[in-house]
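Have a look at protein30.cif below; it lists mmCIF, C-alpha atoms.
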data_start
loop_
_atom_site.group_PDB
_atom_site.id
_atom_site.type_symbol
_atom_site.label_atom_id
_atom_site.label_comp_id
_atom_site.auth_asym_id
_atom_site.auth_seq_id
_atom_site.Cartn_x
_atom_site.Cartn_y
_atom_site.Cartn_z
ATOM 1 C CA MET A 1 -18.623 -11.093 13.356
ATOM 2 C CA HIS A 2 -17.006 -7.834 12.196
ATOM 3 C CA HIS A 3 -16.027 -7.071 15.783
ATOM 4 C CA ARG A 4 -14.368 -10.495 16.234
ATOM 5 C CA ILE A 5 -12.471 -10.192 12.962
ATOM 6 C CA GLY A 6 -11.287 -6.699 13.915
ATOM 7 C CA ASN A 7 -10.152 -7.922 17.327
ATOM 8 C CA SER A 8 -8.312 -10.884 15.806
ATOM 9 C CA LEU A 9 -6.469 -8.651 13.352
ATOM 10 C CA GLN A 10 -5.490 -6.276 16.167
ATOM 11 C CA ILE A 11 -4.157 -9.218 18.209
ATOM 12 C CA ILE A 12 -2.059 -10.385 15.246
ATOM 13 C CA ALA A 13 -0.741 -6.851 14.684
ATOM 14 C CA SER A 14 0.079 -6.466 18.380
ATOM 15 C CA THR A 15 1.876 -9.810 18.430
ATOM 16 C CA LEU A 16 4.019 -8.699 15.490
ATOM 17 C CA MET A 17 4.876 -5.437 17.274
ATOM 18 C CA VAL A 18 5.869 -7.346 20.440
ATOM 19 C CA GLY A 19 8.069 -9.533 18.271
ATOM 20 C CA LEU A 20 9.725 -6.409 16.870
ATOM 21 C CA ARG A 21 10.973 -5.459 20.342
ATOM 22 C CA ASP A 22 12.617 -8.853 20.852
ATOM 23 C CA VAL A 23 14.383 -9.056 17.475
ATOM 24 C CA HIS A 24 17.921 -7.751 17.129
ATOM 25 C CA SER A 25 18.476 -8.485 13.444
ATOM 26 C CA ASP A 26 17.725 -5.510 11.189
ATOM 27 C CA ILE A 27 16.489 -7.824 8.425
ATOM 28 C CA ALA A 28 14.137 -9.702 10.766
ATOM 29 C CA ARG A 29 12.915 -6.391 12.211
ATOM 30 C CA GLN A 30 12.196 -5.090 8.706
ATOM 31 C CA LYS A 31 10.282 -8.273 7.767
ATOM 32 C CA LEU A 32 8.160 -8.105 10.923
ATOM 33 C CA GLN A 33 7.418 -4.430 10.279
ATOM 34 C CA GLU A 34 6.321 -5.242 6.712
ATOM 35 C CA ALA A 35 4.109 -8.094 7.965
ATOM 36 C CA HIS A 36 2.601 -5.696 10.521
ATOM 37 C CA GLN A 37 1.766 -3.199 7.757
ATOM 38 C CA ARG A 38 0.086 -5.938 5.695
ATOM 39 C CA VAL A 39 -2.085 -6.973 8.637
ATOM 40 C CA MET A 40 -2.903 -3.333 9.416
ATOM 41 C CA ALA A 41 -3.939 -2.749 5.778
ATOM 42 C CA ILE A 42 -6.473 -5.550 6.096
ATOM 43 C CA ALA A 43 -7.595 -4.336 9.547
ATOM 44 C CA ARG A 44 -8.220 -0.832 8.186
ATOM 45 C CA LEU A 45 -10.181 -2.225 5.278
ATOM 46 C CA GLN A 46 -12.232 -4.366 7.646
ATOM 47 C CA ARG A 47 -13.090 -1.234 9.634
ATOM 48 C CA HIS A 48 -14.055 0.585 6.430
ATOM 49 C CA LEU A 49 -16.193 -2.370 5.339
ATOM 50 C CA THR A 50 -18.310 -2.042 8.463
ATOM 51 C CA GLN A 51 -18.893 1.625 7.564
ATOM 52 C CA SER A 52 -19.241 1.124 3.795
ATOM 53 C CA SER A 53 -22.332 1.951 1.789
ATOM 54 C CA ALA A 54 -24.192 -0.206 -0.712
ATOM 55 C CA GLU A 55 -21.800 1.180 -3.337
ATOM 56 C CA GLY A 56 -18.783 -0.343 -1.571
ATOM 57 C CA VAL A 57 -15.694 1.002 0.146
ATOM 58 C CA SER A 58 -14.818 4.653 -0.417
ATOM 59 C CA LEU A 59 -11.270 4.345 -1.766
ATOM 60 C CA ASN A 60 -10.253 7.963 -1.228
ATOM 61 C CA ILE A 61 -11.000 7.671 2.508
ATOM 62 C CA TYR A 62 -9.560 4.150 2.808
ATOM 63 C CA LEU A 63 -6.299 4.849 0.940
ATOM 64 C CA ASP A 64 -5.787 8.167 2.714
ATOM 65 C CA ASP A 65 -6.217 6.410 6.078
ATOM 66 C CA LEU A 66 -3.940 3.559 4.995
ATOM 67 C CA CYS A 67 -1.161 5.892 3.815
ATOM 68 C CA THR A 68 -1.438 8.037 6.946
ATOM 69 C CA SER A 69 -0.864 4.897 9.017
ATOM 70 C CA ILE A 70 2.070 3.721 6.893
ATOM 71 C CA SER A 71 3.607 7.171 7.114
ATOM 72 C CA ALA A 72 3.186 7.319 10.899
ATOM 73 C CA SER A 73 4.731 3.902 11.464
ATOM 74 C CA MET A 74 7.466 3.770 8.830
ATOM 75 C CA ILE A 75 8.587 7.336 8.088
ATOM 76 C CA GLN A 76 10.648 8.923 10.822
ATOM 77 C CA ALA A 77 9.814 12.476 11.850
ATOM 78 C CA SER A 78 13.369 13.554 10.995
ATOM 79 C CA SER A 79 12.976 12.219 7.448
ATOM 80 C CA SER A 80 12.036 14.584 4.658
ATOM 81 C CA ILE A 81 9.944 11.945 2.839
ATOM 82 C CA GLN A 82 6.336 12.949 2.193
ATOM 83 C CA LEU A 83 3.628 10.449 1.312
ATOM 84 C CA LYS A 84 0.854 12.063 -0.731
ATOM 85 C CA VAL A 85 -2.490 10.578 -1.764
ATOM 86 C CA LYS A 86 -4.497 11.693 -4.819
ATOM 87 C CA VAL A 87 -7.540 9.471 -5.209
ATOM 88 C CA ASP A 88 -10.724 10.147 -7.150
ATOM 89 C CA ASP A 89 -14.006 9.972 -5.276
ATOM 90 C CA CYS A 90 -14.794 6.353 -6.103
ATOM 91 C CA CYS A 91 -15.909 3.134 -4.445
ATOM 92 C CA ALA A 92 -14.900 -0.485 -4.900
ATOM 93 C CA SER A 93 -16.127 -3.861 -3.746
ATOM 94 C CA ALA A 94 -14.612 -5.489 -0.679
ATOM 95 C CA ASP A 95 -12.527 -7.885 -2.806
ATOM 96 C CA HIS A 96 -11.131 -5.114 -4.986
ATOM 97 C CA SER A 97 -10.500 -2.903 -1.953
ATOM 98 C CA VAL A 98 -8.468 -5.614 -0.216
ATOM 99 C CA ALA A 99 -6.324 -6.130 -3.309
ATOM 100 C CA ILE A 100 -5.854 -2.394 -3.923
ATOM 101 C CA GLY A 101 -4.954 -1.751 -0.278
ATOM 102 C CA LEU A 102 -2.379 -4.540 -0.213
ATOM 103 C CA ILE A 103 -0.874 -3.399 -3.524
ATOM 104 C CA VAL A 104 -0.530 0.167 -2.234
ATOM 105 C CA THR A 105 1.026 -1.119 0.995
ATOM 106 C CA GLU A 106 3.584 -3.208 -0.902
ATOM 107 C CA LEU A 107 4.479 -0.465 -3.378
ATOM 108 C CA VAL A 108 4.854 2.197 -0.683
ATOM 109 C CA ILE A 109 6.996 -0.118 1.463
ATOM 110 C CA ASN A 110 9.189 -0.862 -1.578
ATOM 111 C CA ALA A 111 9.575 2.848 -2.318
ATOM 112 C CA LEU A 112 10.482 3.567 1.312
ATOM 113 C CA LYS A 113 13.071 0.765 1.289
ATOM 114 C CA TYR A 114 14.736 1.414 -2.048
ATOM 115 C CA ALA A 115 13.928 4.807 -3.560
ATOM 116 C CA PHE A 116 15.859 6.997 -1.160
ATOM 117 C CA PRO A 117 19.254 5.454 -0.341
ATOM 118 C CA SER A 118 20.614 8.763 0.933
ATOM 119 C CA PRO A 119 19.112 11.686 2.852
ATOM 120 C CA GLY A 120 17.840 14.690 0.962
ATOM 121 C CA LYS A 121 15.081 17.244 0.696
ATOM 122 C CA GLY A 122 11.926 17.193 -1.392
ATOM 123 C CA ARG A 123 11.612 13.407 -1.405
ATOM 124 C CA GLU A 124 8.085 12.181 -1.985
ATOM 125 C CA ILE A 125 5.958 9.168 -2.768
ATOM 126 C CA VAL A 126 2.621 9.772 -4.483
ATOM 127 C CA VAL A 127 -0.253 7.278 -4.453
ATOM 128 C CA GLU A 128 -2.767 8.074 -7.174
ATOM 129 C CA LEU A 129 -5.979 6.406 -8.307
ATOM 130 C CA GLN A 130 -7.932 7.700 -11.292
ATOM 131 C CA SER A 131 -11.259 6.106 -12.114
ATOM 132 C CA ASN A 132 -13.879 6.605 -14.810
ATOM 133 C CA PRO A 133 -16.366 4.312 -16.591
ATOM 134 C CA GLU A 134 -13.803 3.384 -19.287
ATOM 135 C CA TYR A 135 -10.746 2.511 -17.173
ATOM 136 C CA TRP A 136 -9.002 2.928 -13.839
ATOM 137 C CA ASP A 137 -5.335 3.421 -13.031
ATOM 138 C CA LEU A 138 -3.592 2.954 -9.706
ATOM 139 C CA SER A 139 -0.040 4.257 -9.460
ATOM 140 C CA VAL A 140 2.633 4.704 -6.844
ATOM 141 C CA ALA A 141 5.462 7.004 -7.879
ATOM 142 C CA ASP A 142 8.549 8.300 -6.150
ATOM 143 C CA ASN A 143 11.154 10.899 -7.061
ATOM 144 C CA GLY A 144 14.037 8.824 -5.737
ATOM 145 C CA ALA A 145 16.994 6.962 -7.176
ATOM 146 C CA GLY A 146 15.023 4.879 -9.669
ATOM 147 C CA LYS A 147 14.772 1.139 -10.074
ATOM 148 C CA ALA A 148 18.067 -0.732 -10.137
ATOM 149 C CA LEU A 149 18.497 -2.679 -13.376
ATOM 150 C CA ASN A 150 19.857 -5.739 -11.573
ATOM 151 C CA SER A 151 17.292 -5.820 -8.775
ATOM 152 C CA LYS A 152 15.794 -9.217 -8.053
ATOM 153 C CA PRO A 153 12.067 -9.509 -7.392
ATOM 154 C CA GLY A 154 11.162 -10.316 -3.787
ATOM 155 C CA LEU A 155 8.070 -11.337 -1.878
ATOM 156 C CA GLY A 156 6.461 -7.904 -2.350
ATOM 157 C CA THR A 157 6.749 -8.190 -6.135
ATOM 158 C CA SER A 158 5.141 -11.647 -6.066
ATOM 159 C CA ILE A 159 2.284 -10.326 -3.922
ATOM 160 C CA ILE A 160 1.735 -7.386 -6.291
ATOM 161 C CA GLN A 161 1.753 -9.625 -9.372
ATOM 162 C CA SER A 162 -0.718 -12.047 -7.814
ATOM 163 C CA LEU A 163 -3.095 -9.276 -6.733
ATOM 164 C CA ALA A 164 -2.792 -7.527 -10.110
ATOM 165 C CA ALA A 165 -3.822 -10.783 -11.806
ATOM 166 C CA GLN A 166 -6.864 -11.020 -9.514
ATOM 167 C CA LEU A 167 -7.844 -7.486 -10.544
ATOM 168 C CA HIS A 168 -7.221 -8.249 -14.252
ATOM 169 C CA THR A 169 -4.795 -5.325 -14.485
ATOM 170 C CA THR A 170 -1.583 -4.819 -16.370
ATOM 171 C CA ILE A 171 1.485 -3.599 -14.495
ATOM 172 C CA VAL A 172 3.734 -0.973 -16.037
ATOM 173 C CA VAL A 173 7.002 0.000 -14.337
ATOM 174 C CA ALA A 174 8.403 3.223 -15.772
ATOM 175 C CA ASP A 175 11.097 5.804 -15.174
ATOM 176 C CA ASN A 176 9.534 8.740 -13.335
ATOM 177 C CA ALA A 177 12.517 10.996 -14.159
ATOM 178 C CA PRO A 178 13.657 10.937 -11.387
ATOM 179 C CA GLY A 179 12.419 7.887 -9.592
ATOM 180 C CA THR A 180 10.090 5.064 -10.454
ATOM 181 C CA ARG A 181 6.376 4.878 -11.236
ATOM 182 C CA VAL A 182 4.460 1.608 -10.973
ATOM 183 C CA THR A 183 1.021 1.730 -12.577
ATOM 184 C CA LEU A 184 -1.724 -0.865 -12.617
ATOM 185 C CA HIS A 185 -4.147 -0.313 -15.504
ATOM 186 C CA HIS A 186 -7.572 -1.883 -15.958
ATOM 187 C CA ASP A 187 -9.832 -1.382 -18.984
ATOM 188 C CA GLY A 188 -13.367 -0.972 -17.683
ATOM 189 C CA PRO A 189 -14.955 0.472 -14.556
ATOM 190 C CA LEU A 190 -13.767 -0.068 -11.017
ATOM 191 C CA GLN A 191 -15.817 -2.788 -9.338
#

Would you write out, as structure tokens, the structure that this file holds?
Amino acid sequence: MHHRIGNSLQIIASTLMVGLRDVHSDIARQKLQEAHQRVMAIARLQRHLTQSSAEGVSLNIYLDDLCTSISASMIQASSSIQLKVKVDDCCASADHSVAIGLIVTELVINALKYAFPSPGKGREIVVELQSNPEYWDLSVADNGAGKALNSKPGLGTSIIQSLAAQLHTTIVVADNAPGTRVTLHHDGPLQ
């Protein structure tokens, strides 16, 4: 069953990549690339689920792998953007891992799209997850241009809000001076 699911996800991801080659619109290309990253986030989690322990999915390994893949596919070698991962040694259930992986994917894609409108040095995006028995926090922060006051929420924002509700977390968007930090906070242990 795991093998069939993994193969199906790879077929979907491959189909999206083939579609990317045939699309000439930059907007359509960007949307297909984002859809590909969402599918790949689930495919990576599925692979980690087959290797997970009774305690669940190791989030530091999963999120590091996920961010390495996003970086390889979306950050050009000539770019000076670095994607860093700082995750406590913790595990989560399959359901929580799916939601966390998709949230990280959406937030990183948003930061890549909007945080750095012009080239520069020292640009970075940091994915951080801190977990203890009393609470856990997931944040994605950049040192870019900051959130535009008149920006309209898109599909990514709706996905994040829906997943945050499933995780019973609160979302806080703050000035990172410079840049933006989005934090999801949950009172209680990571499940």

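Atom CA of Ala41 of chain A is found 17.6 Å from atom CA of Gln161 of chain A.
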
Six-sided padding of 3 Å per side, axis-aligned box over segment 13-16 of chain A, centre and edges in Å, one decimal, as AutoDock Vina command-line options:
--center_x 1.6 --center_y -8.1 --center_z 16.6 --size_x 10.8 --size_y 9.3 --size_z 9.7

**Study point:** Atomic separation - atom CA of Asp175 of chain A relative to atom CA of Gln37 of chain A, Å
**Key:**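 If I compute the distance from atom CA of Gln37 of chain A to atom CA of Asp175 of chain A, I get 26.3 Å.
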
Study note, to complete from the structure: Using only C-alpha atoms, the shortest atom-to-atom distance to Ala111 of chain A among A:Val85, A:Ala94, A:Val18, A:Ala145 belongs to A:Ala145

Review point. Using only C-alpha atoms, which of A:Ser151, A:Ser8, A:Asn176, A:Ser58 sits nearest Val87 of chain A?
Key: A:Ser58

Exercise for review: Give me, please, the distance in Å between atom CA of Ile81 of chain A and atom CA of Thr105 of chain A, quoted to one decimal.
Suggested key: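 Taking atom CA of Ile81 of chain A as the start and atom CA of Thr105 of chain A as the end point, the length is 15.9 Å.
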
Check your understanding: Written as an NGL selection string, which residues does the PyMOL selection byres ((chain A and resi 129-138) around 7) give for the file shown?
Key -> :A and (86-88 or 90 or 127-128 or 139 or 183-190)

Review point. Can you list, as a list in words, every protein, DNA or RNA residue that comes within 10 Å of Thr68 of chain A when you count all atoms listed in the file, leaving out same-chain residues fewer than 6 positions away?
Key: Tyr62, Leu83, Lys84 and Val85 of chain A

Run the PyMOL selection byres ((chain A and resi 154-158) around 9) against the file shown and list the residues it catches, as a PDB file with C-alpha atoms, in the frame of the given file.
ATOM      1  CA  ILE A 103      -0.874  -3.399  -3.524  1.00  0.00           C
ATOM      2  CA  GLU A 106       3.584  -3.208  -0.902  1.00  0.00           C
ATOM      3  CA  LEU A 107       4.479  -0.465  -3.378  1.00  0.00           C
ATOM      4  CA  ILE A 109       6.996  -0.118   1.463  1.00  0.00           C
ATOM      5  CA  ASN A 110       9.189  -0.862  -1.578  1.00  0.00           C
ATOM      6  CA  LYS A 152      15.794  -9.217  -8.053  1.00  0.00           C
ATOM      7  CA  PRO A 153      12.067  -9.509  -7.392  1.00  0.00           C
ATOM      8  CA  ILE A 159       2.284 -10.326  -3.922  1.00  0.00           C
ATOM      9  CA  ILE A 160       1.735  -7.386  -6.291  1.00  0.00           C
ATOM     10  CA  GLN A 161       1.753  -9.625  -9.372  1.00  0.00           C
ATOM     11  CA  SER A 162      -0.718 -12.047  -7.814  1.00  0.00           C
ATOM     12  CA  LEU A 163      -3.095  -9.276  -6.733  1.00  0.00           C
TER      13      LEU A 163
END

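Protein and nucleic acid residues near (-4.2, -6.8, 6.3) are Leu9, Gln10, Ile12, Ala13, Ala35, His36, Gln37, Arg38, Val39, Met40, Ala41, Ile42, Ala43, Arg44, Leu45, Gln46, Val98, Ala99, Gly101, Leu102 and Thr105 of chain A, the criterion being any atom at most 10 Å away using all atoms listed in the file.
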
Practice item. Find, counting all atoms listed in the file, the residue in A:Gln76, A:Thr170, A:Asn60, A:Ser118 that gets nearest to Cys91 of chain A. Key: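 So, comparing all the options, the nearest one is A:Asn60.
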
Residue members of the PyMOL selection byres ((chain A and resi 180) around 12) in the file shown, as a tab-separated table (two decimals) with C-alpha atoms, in the coordinates of the input:
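expr-v7.tsv was written with the following content:
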chain	number	residue	atom	x	y	z
A	107	LEU	CA	4.48	-0.46	-3.38
A	108	VAL	CA	4.85	2.20	-0.68
A	110	ASN	CA	9.19	-0.86	-1.58
A	111	ALA	CA	9.57	2.85	-2.32
A	112	LEU	CA	10.48	3.57	1.31
A	114	TYR	CA	14.74	1.41	-2.05
A	115	ALA	CA	13.93	4.81	-3.56
A	116	PHE	CA	15.86	7.00	-1.16
A	124	GLU	CA	8.09	12.18	-1.98
A	125	ILE	CA	5.96	9.17	-2.77
A	126	VAL	CA	2.62	9.77	-4.48
A	139	SER	CA	-0.04	4.26	-9.46
A	140	VAL	CA	2.63	4.70	-6.84
A	141	ALA	CA	5.46	7.00	-7.88
A	142	ASP	CA	8.55	8.30	-6.15
A	143	ASN	CA	11.15	10.90	-7.06
A	144	GLY	CA	14.04	8.82	-5.74
A	145	ALA	CA	16.99	6.96	-7.18
A	146	GLY	CA	15.02	4.88	-9.67
A	147	LYS	CA	14.77	1.14	-10.07
A	148	ALA	CA	18.07	-0.73	-10.14
A	149	LEU	CA	18.50	-2.68	-13.38
A	172	VAL	CA	3.73	-0.97	-16.04
A	173	VAL	CA	7.00	0.00	-14.34
A	174	ALA	CA	8.40	3.22	-15.77
A	175	ASP	CA	11.10	5.80	-15.17
A	176	ASN	CA	9.53	8.74	-13.34
A	177	ALA	CA	12.52	11.00	-14.16
A	178	PRO	CA	13.66	10.94	-11.39
A	179	GLY	CA	12.42	7.89	-9.59
A	181	ARG	CA	6.38	4.88	-11.24
A	182	VAL	CA	4.46	1.61	-10.97
A	183	THR	CA	1.02	1.73	-12.58

Check your understanding: Which residues, written as an MDAnalysis selection string, have at least one atom at most 8 Å from Gln191 of chain A, with all atoms listed in the file counted and residues fewer than 6 positions away on the same chain left out?
Key -> chainID A and resid 91:93 96
